[in-house]
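Student: Okay, here's the structure, questions in a sec.
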Amino acid sequence: MKEKQIGVQVSSLSKKDTTISILIIGLLFFIFGFVTWINAILIPYFKIACELNNFQSYLVTFAFYIAYLVMSLPAAQLLKKVGFKKGMMIGFWVMAVGAMIFVPAGLTRTYGVFLTGLFTIGMGLAILQTAANPYITILGAKNRAAQRFSIMGICNKLAGIIAPLLFAAVILRSTDNDLFKEIGQLQGLAKEIALDELIKRVVIPYAVVALALTALGFFVRYSPLPEIDTETESEEVSASNSNKKSILDFPHLILGAIAIFFHVGSQVIAVDSIINYASSNGMPFLEAKVFPSYTLTATIVGYLLGITFIPKFLSQLTALKICTVLGAFLSCMVIYTHGEVNILGHKTDVSVWFVVLLGFANSMIWAGVWPLALDNLGRFIKTGASLLIMGLCGNAIMPLIYGHLADNHSLREGYWILLPCYGYLIFYAFRGYRLKTWSFKN
């Protein structure tokens, strides 16, 4: 006999229950960040160890994020069947399987097996994201959703700062700059031995990660996180949705999913490309490895400002508009500005620092789009959330386009891809979110 999932209404939760729930979801967002942003190190690391070009190296993000496209709708059905907590537990366990796949991949130096592991980790994350994002959206007042997302974003990006540095400390050594130069000069068996030794460094770290993810699955299953009822609609929402047959009847949701696609694609390009871009401007790899952390720190600054000013001094919609326009401006600065500067002890082209500042521009876009896209979905909210999570496949597609442009033109010219991304985000922030019907008549 199937266990019936009984959810509670958000309004019935005490302040203590709500606080505990936010803390637990914050932990989940920390895990999302830790597993996700480690790709910023894996891309240049695999590029060296598996002898890849730019396009091939960005298959790391493709394999990881295309899983969101494949898994998001099945994740929504899973959550409807087993509930939030069991669904999250399953998500962690799927991620653990993906991490374990890194063990045979590292032992055989097989890039395709690594990509399979990344795809599996992405499938688990798709389940977790499909549960956690709508959960935090409805867990409190609607006009404070961006504020709660900012808190989640800090957890996510803080992990993103820690993860690449920790991973680099575990797998990289102080002598690796010389090793990377020597590998390019080695031939035959000597080169194979050096590359095998380099790639095997990921085996033990990912085995430990697999065990940790398994334990986290048990933790969230037996945590005090309440099941929230998302199937019961208020009378007002029920009346407005009486003629809605599917999520395709919500234009602001569909357009919001496209906005998520372009947002996450532009965000991951800014973070995952910056090591290679800084290196192309003459910076050693071991020095450039800190730049993803700078970019994510800029994002955290944006989150802190969001928590401080929203909604008291600034609406979440206004913050979204500011960030989308700023993103377009900074993208132009990356492409068109030149000149060496010395900031924080790093001597490099000024355009590298404009890539860092894109982290600030991206800070309030996710937090702004989610509440707008899920507005008044009622019983469609889990499926609607899964559609938004499908938009995360932008992380898979956009870096490949960037990598293709970088290979055929230059790393700097590859950033042209950011302009249409921010162009669409500006459209959604100023117009698209208001479309409640596919009829464009007044």
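Residues in the structure tokens are numbered from 1 in each chain, the chains being A, B, ... in the order shown, and ligands are numbered from 1 in the order shown.
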Considering only C-alpha atoms, tabulate each residue of segment 69-127 of chain A that lies at most 8 Å from segment 185-201 of chain A along with its nearest interatomic pair and the corresponding distance in Å to one decimal; arrange the rows by chain and ascending residue number and present them as a Markdown table.

Tutor:
| residue | atom | partner | partner_atom | distance |
| --- | --- | --- | --- | --- |
| A:Gly106 | CA | A:Lys200 | CA | 4.8 |
| A:Leu107 | CA | A:Lys200 | CA | 5.8 |
| A:Thr108 | CA | A:Asp196 | CA | 7.7 |
| A:Arg109 | CA | A:Asp196 | CA | 6.3 |

Student: Write the residues you've just listed into a file as a short mmCIF file (atom, residue, chain, number, x, y, z; two decimals), in the first residue's frame, and include C-alpha atoms for each of them.

Tutor:
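File produced: part.cif:
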data_model
loop_
_atom_site.label_atom_id
_atom_site.label_comp_id
_atom_site.auth_asym_id
_atom_site.auth_seq_id
_atom_site.Cartn_x
_atom_site.Cartn_y
_atom_site.Cartn_z
CA GLY A 106 39.86 8.44 -12.86
CA LEU A 107 41.46 5.02 -12.82
CA THR A 108 41.08 4.64 -16.61
CA ARG A 109 41.38 8.35 -17.65
#

Student: Listing only residues of segment 248-288 of chain A within 12 Å of segment 140-160 of chain A, what is the closest atom pair and its distance in Å (to one decimal) for each, using only C-alpha atoms, sorted by chain and residue number ascending, as CSV?

Tutor:
residue,atom,partner,partner_atom,distance
A:Gln267,CA,A:Lys157,CA,11.8
A:Val268,CA,A:Gly160,CA,11.5
A:Val271,CA,A:Gly160,CA,9.7
A:Asp272,CA,A:Gly160,CA,11.2

Student: Could you take the residues named above and write them with C-alpha atoms, as a PDB file, in the first residue's frame?

Tutor:
ATOM      1  CA  GLN A 267      26.189  33.186 -15.217  1.00  0.00           C
ATOM      2  CA  VAL A 268      28.064  29.921 -15.732  1.00  0.00           C
ATOM      3  CA  VAL A 271      32.355  31.809 -13.656  1.00  0.00           C
ATOM      4  CA  ASP A 272      33.591  28.811 -15.636  1.00  0.00           C
TER       5      ASP A 272
END

Student: Neighbours of Asn133 of chain A within 9 Å (only C-alpha atoms; same-chain residues fewer than 3 positions away dropped), as a PyMOL selection string?

Tutor: chain A and resi 25+128-130+136-138+149+370+385+389

Student: Check the smallest atom-to-atom distance from each of A:Tyr415, A:Leu225, A:Tyr424, A:Asp407 to Phe55 of chain A using only C-alpha atoms, then report the winner.

Tutor: A:Asp407

Student: Hey, what's within 7 Å of Phe291 of chain A if we count only C-alpha atoms and toss same-chain stuff fewer than 3 positions away? As an MDAnalysis selection string, please?

Tutor: chainID A and resid 274:275 288 294:295

Student: Pick the closest to Leu374 of chain A from A:Ile247, A:Ile401, A:Ile38, A:Val203: which is it, counting only C-alpha atoms?

Tutor: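 Smallest separation from Leu374 of chain A among the options: A:Ile247.
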
Student: Which is closest to Cys323 of chain A among A:Val356, A:Ala207, A:Leu425, A:Leu286, if we use only C-alpha atoms?

Tutor: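 Counting only C-alpha atoms, the residue closest to Cys323 of chain A is A:Leu425.
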
Student: Step one, run DSSP on the backbone; step two, keep only residues of segment 154-316 of chain A assigned to helix (DSSP H, G or I); then write them as a PyMOL selection string.

Tutor: chain A and resi 154-171+176-185+188-221+235-240+247-249+251-272+274-280+285-288+291-309+316

Student: Residues near Ser351 of chain A, anyone? I mean within 6 Å using only C-alpha atoms, not counting same-chain ones fewer than 3 positions away, as a PyMOL selection string.

Tutor: chain A and resi 334+337+354

Student: Check the smallest atom-to-atom distance from each of A:Gly384, A:Gly112, A:Gly391, A:Gly83 to Phe250 of chain A using only C-alpha atoms, then report the winner.

Tutor: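 When distances to Phe250 of chain A are compared using only C-alpha atoms, the smallest one comes from A:Gly384.
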
Student: Which residue out of A:Thr214, A:Ser72, A:Ser21, A:Gln316 has the minimum interatomic distance to Met390 of chain A when only C-alpha atoms are used?

Tutor: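 Selected residue with least distance to Met390 of chain A: A:Ser72.
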
Student: Using only C-alpha atoms, which of A:Ile204, A:Val220, A:Leu296, A:Met333 sits nearest Leu27 of chain A?

Tutor: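 Answer, going by the shortest atom-to-atom distance: A:Val220.
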
Student: In Å, how far is it from atom CA of Cys332 of chain A to atom CA of Val290 of chain A?

Tutor: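 Those two atoms sit 23.5 Å apart.
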
Student: Would you mind listing what lies within 8 Å of Leu125 of chain A as a VMD selection string, with only C-alpha atoms counted and same-chain residues fewer than 3 positions away left out?

Tutor: chain A and resid 32 68 91 to 92 95 121 to 122 128 to 129

Student: What's the separation between atom CA of Gly423 of chain A and atom CA of Ala131 of chain A, in Å to one decimal place?

Tutor: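 A separation of 29.2 Å between them.
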
Student: Could you pull the residues within 8 Å of Gly265 of chain A, counting only C-alpha atoms, minus those fewer than 3 positions along the same chain, as a list in words?

Tutor: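 Within the cut-off, the hits are Phe261, Phe262, Val268, Ile269, Leu392, Cys393, Gly394, Asn395, Ala396, Ile397, Met398, Pro399 and Cys421 of chain A.
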
Student: State, in Å with one decimal place, the distance from atom CA of Ile335 of chain A to atom CA of Ser57 of chain A.

Tutor: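 These two atoms are separated by 22.3 Å.
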
Student: Quick one: contact table of segment 246-296 of chain A to segment 164-178 of chain A, 8 Å max, nearest atom pair and distance in Å to one decimal per residue, counting only C-alpha atoms, chain and number order, as a tab-separated table?

Tutor:
residue	atom	partner	partner_atom	distance
A:Pro284	CA	A:Asn177	CA	7.4
A:Phe285	CA	A:Asn177	CA	7.1
A:Leu286	CA	A:Asn177	CA	7.0
A:Lys289	CA	A:Leu165	CA	7.6
A:Val290	CA	A:Leu165	CA	7.0
A:Pro292	CA	A:Pro164	CA	7.8
A:Ser293	CA	A:Pro164	CA	7.6
